[in-house]
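These notes are about the structure you will find just below.
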Amino acid sequence: MGSLVQILLALLISVLGALYLLGSFRRRRAGEPPLDKGPIPWLGHVLEFRKDTAKFLQRMKEKHGDIFTVQLGGFYFTFITDPLSFGSVVKEARAKLDFSKFAEQLVARVFGYSSMESEHKVLQATSTKHLMGDGLVVMTQAMMSNLQNLMLHSIGSGNEKTWQEAGLFSYSYNIVFRAGYLALFGNESVKGTESSEKAKQIDREESEELFGEFRKYDQLFPNLAYGVLGPGEKMEAERLKKLFWNTLSVQKMRSKENISGWVHEQQQLRADKGMHEFMQDRFMFLLLWASQGNTGPAAFWLLLYLMKHPEAMTAVKKEVEKILQENGQEAKPNGPLIDLTRDMLLKTPVLDSAVEETLRLTAAPVLTRAVLQDMSISMSNGQDYKIREGDRVAIFPYIAVHVDPEVHPDPFTFKYDRFLNPDGSKKTDFYKGGKKLKYYTMPWGAGTTMCPGRFFAVNELKQFVFLMLSYFDFDLKNPNEEIPDIDIRRWGFGSMQPTRDIQFRYRLKF
Ligand code: HEM
């Protein structure tokens with residue numbers, strides 16, 4: 001009997017604890033002092049937040065306006081939904097609003113990686129050097145040759161001139177992941193194989209296998225990040241982590257060719273700082289995740305929107321043909337393969353607009369900062385809000401700006417030329433309340449943590465589309481099939497994924 005009482009007591013305590021941890025919601029008023037941890041929160045709000053973050057935050061924005069506070073996982077999160085006020089978060093000094101605390105906890109849980117001192121500085125410096133400017137020229141070339149290997153290796157053999165059927169999501173994610181992985185983490189060494197053809201074949205096979213495993217981890221990711229995996233899933237996540245640490249290990253890397261400066265330098269700098277090799281291996285998985293988890297899903301949405309909007313497809317095709325012609329290139333039987341350089345990809349305003357529109361609709365990160373000292377946030381309407389040390393500040397640009405009809409009219413419709421001026425130049429003038437917005441889309445985040453791979457990512461997407469349009473005939477199996485919904489479990493994690501795949505058919509033109 002005593003033990004039954006103990007069990008009931010334990011149950012009661014854990015339920016109360018869970019309620020407390022799950023959190024609550026409160027409206028903020030200007031000048032209001034920071035919130036005290038109050039009584040047991042109202043569970044309904046929090047379950048709603050976890051179930052469909054976007055829907056919940058949209059509802060709260062409509063009800064409470066530009067700023068409100070949610071208690072979640074033991075922290076108070078103050079959400080800012082007025083894009084005119086984003087600057088006060090994004091530009092705030094790190095001494096007050098810091099991202100690294102939050103990021104470090106997440107990468108420790110999800111990737112088993114313990115961050116080193118100056119982690120972020122090193123990441124930013126190597127990324128600026130190797131993923132932008134001249135570094136981007138090299139990366140674009142590497143991406144090109146790997147895309148050619150994966151997409152065009154059977155060209156001219158006649159084998160692939162027949163129609164193939166596949167899921168568009170699986171296909172796009174697969175190709176873009178594998179080519180990006182090979183471009184960054186290197187190729188099979190030709191020296192160690194019989195020929196360059198053999199080395200390329202090994203690249204195709206190994207990257208295919210790696211993608212299969214990556215997708216398993218990818219599917220576990222949202223629950224892993226929230227720390228709510230079931231016991232079986234936990235074991236599977238552990239198995240996958242070890243597999244990636246091993247496959248991407250520093251030791252295995254030593255036998256590779258063409259490892260990107262981005263990966264090589266990050267590894268070297270960590271080795272120089274005395275980081276254990278096993279921890280460097282873990283970091284490699286983090287780099288794989290950051291670089292490959294978003295671009296493949298974005299490639300899917302981009303191709304799908306183009307296929308569902310013939311006027312967009314026609315405009316992009318016209319631009320692709322023009323660029324190739326201007327550079328004396330043509331996709332033709334037995335001709336040299338198309339070779340897109342970084343400079344060619346700088347002259348594609350129509351495709352750029354289509355990419356930006358795709359990301360507006362399907363990239364939905366949450367930006368989170370830890371509050372390091374008591375401070376105030378100044379809103380664009382002149383009001384100040386006190387924020388307490390230890391709390392969190394968050395921005396969810398998807399609801400705050402991406403789908404705000406005042407900023408982007410008819411926000412759920414794909415308009416390939418939304419980011420084009422009538423004269424064909426890039427449009428950057430978007431308004432809210434009559435004021436020009438600096439932050440009118442934020443698929444890459446903003447401020448110090450803004451995605452350092454964004455230029456490379458856009459180039460990857462454009463190279464993929466160029467090759468699809470130049471070398472393949474393709475269409476949807478059922479052209480009337482609706483665009484699938486967004487999988488709401490991934491709100492906040494970057495590129496969104498569809499709730500289901502959509503079948504398409506494709507074949508090489510020659
Ligand atoms: C469509 C593709 C991509 C999207 C939508 C995307 C989006 C993002 C977002 C939202 C963040 C976090 C920003 C923040 O917390 O404020 C981020 C961080 C990051 N991304 Fe990307 N990304 C993409 C592709 C890439 C690629 C291709 C690479 C590398 C080759 C990359 C490397 C990184 C790294 C290293 C970070 C961490 C930056 C830091 O902590 O300072 N991303 N990305």
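Convention: chains lettered A, B, ... in structure tokens order; per-chain residue numbering from 1; ligands numbered from 1 as shown.
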Inset, instruction - Assign secondary structure with DSSP using the backbone only, and return the residues of stretch 313-383 of chain A in strand (DSSP E) as a VMD selection string. - result: chain A and resid 367 to 371 375 to 378
Put those residues in a file: N, CA and C atoms, as a PDB file, in the first residue's frame.
ATOM      1  N   LEU A 367      14.513  32.223 -35.057  1.00  0.00           N
ATOM      2  CA  LEU A 367      15.767  32.811 -34.561  1.00  0.00           C
ATOM      3  C   LEU A 367      15.619  32.977 -33.055  1.00  0.00           C
ATOM      4  N   THR A 368      16.562  32.419 -32.309  1.00  0.00           N
ATOM      5  CA  THR A 368      16.448  32.503 -30.852  1.00  0.00           C
ATOM      6  C   THR A 368      17.708  33.108 -30.256  1.00  0.00           C
ATOM      7  N   ARG A 369      17.531  33.962 -29.283  1.00  0.00           N
ATOM      8  CA  ARG A 369      18.670  34.550 -28.584  1.00  0.00           C
ATOM      9  C   ARG A 369      18.444  34.414 -27.081  1.00  0.00           C
ATOM     10  N   ALA A 370      19.549  34.147 -26.343  1.00  0.00           N
ATOM     11  CA  ALA A 370      19.458  34.103 -24.880  1.00  0.00           C
ATOM     12  C   ALA A 370      19.720  35.510 -24.337  1.00  0.00           C
ATOM     13  N   VAL A 371      18.940  35.924 -23.343  1.00  0.00           N
ATOM     14  CA  VAL A 371      19.104  37.268 -22.769  1.00  0.00           C
ATOM     15  C   VAL A 371      20.152  37.177 -21.658  1.00  0.00           C
ATOM     16  N   MET A 375      17.381  43.927 -19.905  1.00  0.00           N
ATOM     17  CA  MET A 375      17.477  44.920 -20.983  1.00  0.00           C
ATOM     18  C   MET A 375      16.077  45.312 -21.452  1.00  0.00           C
ATOM     19  N   SER A 376      16.017  46.304 -22.371  1.00  0.00           N
ATOM     20  CA  SER A 376      14.724  46.624 -22.967  1.00  0.00           C
ATOM     21  C   SER A 376      14.821  46.434 -24.469  1.00  0.00           C
ATOM     22  N   ILE A 377      13.681  46.074 -25.044  1.00  0.00           N
ATOM     23  CA  ILE A 377      13.592  45.988 -26.498  1.00  0.00           C
ATOM     24  C   ILE A 377      12.770  47.179 -26.949  1.00  0.00           C
ATOM     25  N   SER A 378      13.330  47.963 -27.883  1.00  0.00           N
ATOM     26  CA  SER A 378      12.584  49.121 -28.383  1.00  0.00           C
ATOM     27  C   SER A 378      11.852  48.727 -29.648  1.00  0.00           C
TER      28      SER A 378
END
Can you build me a table of chain A residues sitting at most 7 Å from ligand 1, with the closest atom pair per residue and its distance in Å to one decimal, using only C-alpha atoms and all ligand atoms, sorted by chain and residue number, as a Markdown table?
| residue | atom | partner | partner_atom_place_in_ligand_line | distance |
| --- | --- | --- | --- | --- |
| A:His120 | CA | ligand 1 | 41 (O) | 5.8 |
| A:Leu123 | CA | ligand 1 | 35 (C) | 6.5 |
| A:Gln124 | CA | ligand 1 | 41 (O) | 6.2 |
| A:Leu131 | CA | ligand 1 | 30 (C) | 6.8 |
| A:Leu287 | CA | ligand 1 | 35 (C) | 6.4 |
| A:Ala290 | CA | ligand 1 | 32 (C) | 4.8 |
| A:Ser291 | CA | ligand 1 | 28 (C) | 3.6 |
| A:Gln292 | CA | ligand 1 | 27 (C) | 6.1 |
| A:Asn294 | CA | ligand 1 | 2 (C) | 4.3 |
| A:Thr295 | CA | ligand 1 | 2 (C) | 3.9 |
| A:Ala298 | CA | ligand 1 | 1 (C) | 5.4 |
| A:Leu359 | CA | ligand 1 | 5 (C) | 7.0 |
| A:Ala363 | CA | ligand 1 | 5 (C) | 5.6 |
| A:Pro365 | CA | ligand 1 | 10 (C) | 4.9 |
| A:Leu367 | CA | ligand 1 | 16 (O) | 5.0 |
| A:Thr368 | CA | ligand 1 | 15 (O) | 6.9 |
| A:Pro443 | CA | ligand 1 | 5 (C) | 5.3 |
| A:Trp444 | CA | ligand 1 | 10 (C) | 4.0 |
| A:Gly445 | CA | ligand 1 | 16 (O) | 3.9 |
| A:Ala446 | CA | ligand 1 | 16 (O) | 5.2 |
| A:Gly447 | CA | ligand 1 | 16 (O) | 6.8 |
| A:Thr448 | CA | ligand 1 | 41 (O) | 6.2 |
| A:Thr449 | CA | ligand 1 | 41 (O) | 3.8 |
| A:Met450 | CA | ligand 1 | 13 (C) | 4.5 |
| A:Cys451 | CA | ligand 1 | 17 (C) | 3.8 |
| A:Pro452 | CA | ligand 1 | 33 (C) | 5.3 |
| A:Gly453 | CA | ligand 1 | 28 (C) | 3.6 |
| A:Arg454 | CA | ligand 1 | 24 (C) | 5.5 |
| A:Phe456 | CA | ligand 1 | 27 (C) | 5.7 |
| A:Ala457 | CA | ligand 1 | 27 (C) | 4.2 |
| A:Val458 | CA | ligand 1 | 1 (C) | 6.8 |
| A:Gly494 | CA | ligand 1 | 10 (C) | 5.1 |
| A:Ser495 | CA | ligand 1 | 5 (C) | 5.1 |
Go ahead and write the selection's residues with N, CA and C atoms as a short mmCIF file (atom, residue, chain, number, x, y, z; two decimals), in the first residue's frame.
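Output below, filename part08.cif:
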data_model
loop_
_atom_site.label_atom_id
_atom_site.label_comp_id
_atom_site.auth_asym_id
_atom_site.auth_seq_id
_atom_site.Cartn_x
_atom_site.Cartn_y
_atom_site.Cartn_z
N HIS A 120 32.28 30.04 -33.03
CA HIS A 120 31.52 30.76 -34.04
C HIS A 120 32.42 31.61 -34.93
N LEU A 123 33.99 29.35 -37.50
CA LEU A 123 32.99 28.95 -38.50
C LEU A 123 32.73 30.08 -39.49
N GLN A 124 32.59 31.29 -38.95
CA GLN A 124 32.31 32.44 -39.81
C GLN A 124 33.50 32.74 -40.73
N LEU A 131 33.02 29.89 -48.84
CA LEU A 131 31.65 29.76 -49.41
C LEU A 131 31.18 31.06 -50.05
N LEU A 287 28.60 19.62 -39.67
CA LEU A 287 28.76 20.35 -40.93
C LEU A 287 27.91 19.72 -42.04
N ALA A 290 24.30 20.87 -41.35
CA ALA A 290 24.04 22.28 -41.65
C ALA A 290 24.04 22.52 -43.15
N SER A 291 24.91 21.78 -43.87
CA SER A 291 25.06 22.07 -45.30
C SER A 291 24.07 21.31 -46.17
N GLN A 292 23.55 20.17 -45.70
CA GLN A 292 22.75 19.33 -46.60
C GLN A 292 21.28 19.16 -46.21
N ASN A 294 18.89 21.43 -45.82
CA ASN A 294 17.91 22.41 -46.29
C ASN A 294 17.81 22.55 -47.80
N THR A 295 18.95 22.40 -48.48
CA THR A 295 18.97 22.74 -49.91
C THR A 295 18.16 21.73 -50.73
N ALA A 298 14.51 22.43 -50.52
CA ALA A 298 14.23 23.68 -51.26
C ALA A 298 14.22 23.41 -52.76
N LEU A 359 11.65 30.21 -51.22
CA LEU A 359 12.11 30.22 -49.83
C LEU A 359 11.15 31.01 -48.94
N ALA A 363 10.69 28.28 -46.30
CA ALA A 363 11.78 28.28 -45.31
C ALA A 363 11.27 28.99 -44.06
N PRO A 365 12.69 29.25 -40.42
CA PRO A 365 13.50 29.09 -39.20
C PRO A 365 12.95 29.92 -38.04
N LEU A 367 14.51 32.22 -35.06
CA LEU A 367 15.77 32.81 -34.56
C LEU A 367 15.62 32.98 -33.05
N THR A 368 16.56 32.42 -32.31
CA THR A 368 16.45 32.50 -30.85
C THR A 368 17.71 33.11 -30.26
N PRO A 443 14.81 33.78 -44.94
CA PRO A 443 15.01 32.32 -44.94
C PRO A 443 16.35 31.91 -44.35
N TRP A 444 17.30 32.85 -44.34
CA TRP A 444 18.66 32.52 -43.88
C TRP A 444 18.92 32.99 -42.46
N GLY A 445 17.89 33.44 -41.76
CA GLY A 445 18.12 34.05 -40.45
C GLY A 445 18.64 35.46 -40.67
N ALA A 446 19.29 36.02 -39.65
CA ALA A 446 19.80 37.39 -39.79
C ALA A 446 20.83 37.65 -38.71
N GLY A 447 21.60 38.72 -38.92
CA GLY A 447 22.61 39.11 -37.92
C GLY A 447 23.78 38.15 -37.92
N THR A 448 24.40 37.99 -36.76
CA THR A 448 25.65 37.21 -36.70
C THR A 448 25.48 35.74 -37.05
N THR A 449 24.28 35.21 -36.91
CA THR A 449 24.12 33.78 -37.21
C THR A 449 23.55 33.54 -38.60
N MET A 450 23.41 34.59 -39.38
CA MET A 450 22.85 34.44 -40.72
C MET A 450 23.62 33.36 -41.49
N CYS A 451 22.88 32.52 -42.18
CA CYS A 451 23.48 31.36 -42.85
C CYS A 451 24.68 31.75 -43.71
N PRO A 452 25.87 31.23 -43.39
CA PRO A 452 27.04 31.58 -44.19
C PRO A 452 27.11 30.79 -45.50
N GLY A 453 26.20 29.81 -45.67
CA GLY A 453 26.21 29.00 -46.89
C GLY A 453 25.21 29.48 -47.92
N ARG A 454 24.60 30.67 -47.67
CA ARG A 454 23.45 31.07 -48.50
C ARG A 454 23.78 31.27 -49.98
N PHE A 456 26.24 29.81 -51.68
CA PHE A 456 26.48 28.47 -52.23
C PHE A 456 25.15 27.73 -52.41
N ALA A 457 24.28 27.84 -51.41
CA ALA A 457 22.98 27.14 -51.48
C ALA A 457 22.18 27.61 -52.70
N VAL A 458 22.13 28.92 -52.91
CA VAL A 458 21.37 29.43 -54.05
C VAL A 458 22.00 28.94 -55.36
N GLY A 494 14.18 25.50 -40.42
CA GLY A 494 14.79 25.83 -41.72
C GLY A 494 13.85 25.48 -42.87
N SER A 495 14.38 24.78 -43.89
CA SER A 495 13.53 24.41 -45.04
C SER A 495 12.46 23.43 -44.60
#
Legend entry - Contacts of A:Tyr171 within 12 Å, only C-alpha atoms, excl. fewer than 2 positions in-chain, as an MDAnalysis selection string: chainID A and resid 150:151 164:169 173:178 208 211:212 296:297 299:301 303:304 464 468 501:506
Written selection (C-alpha atoms) as a CSV table (one decimal), in the first residue's frame:
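The file below, selection-v8.csv, is the result:
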chain,number,residue,atom,x,y,z
A,150,LEU,CA,25.1,12.0,-60.6
A,151,MET,CA,22.7,13.4,-63.2
A,164,GLN,CA,11.6,6.9,-65.3
A,165,GLU,CA,9.1,7.5,-62.6
A,166,ALA,CA,10.1,8.8,-59.1
A,167,GLY,CA,8.9,10.9,-56.2
A,168,LEU,CA,9.9,14.5,-56.9
A,169,PHE,CA,10.9,15.1,-53.3
A,173,TYR,CA,16.7,15.9,-52.3
A,174,ASN,CA,18.7,12.9,-53.3
A,175,ILE,CA,20.6,14.6,-56.1
A,176,VAL,CA,21.2,17.9,-54.4
A,177,PHE,CA,22.3,16.2,-51.1
A,178,ARG,CA,24.7,13.9,-52.8
A,208,GLU,CA,23.4,7.0,-52.4
A,211,PHE,CA,21.7,9.7,-48.3
A,212,GLY,CA,19.5,6.8,-47.3
A,296,GLY,CA,17.5,19.4,-51.1
A,297,PRO,CA,14.0,20.1,-49.8
A,299,ALA,CA,15.2,22.2,-54.7
A,300,PHE,CA,12.0,20.1,-54.5
A,301,TRP,CA,9.7,23.1,-53.8
A,303,LEU,CA,11.0,22.5,-59.2
A,304,LEU,CA,7.4,21.8,-58.1
A,464,PHE,CA,20.2,21.8,-60.4
A,468,MET,CA,17.1,19.6,-65.2
A,501,ASP,CA,5.8,13.1,-52.0
A,502,ILE,CA,4.5,13.8,-55.5
A,503,GLN,CA,5.2,11.5,-58.5
A,504,PHE,CA,6.8,12.8,-61.6
A,505,ARG,CA,8.5,11.3,-64.7
A,506,TYR,CA,11.7,12.3,-66.3
Inset, instruction - Please indicate the distance in Å from atom CA of A:Glu188 to atom CA of A:Glu119, rounded to one decimal place. - result: 29.3 Å
Legend entry - All residues 9 Å or closer to A:Gly135, only C-alpha atoms, same chain fewer than 6 positions away omitted, as a VMD selection string: chain A and resid 127 to 129 261 to 262
Legend entry - A:Leu269 environment, 8 Å, only C-alpha atoms, sequence neighbours closer than 4 positions dropped, as a PyMOL selection string: chain A and resi 122+265+273
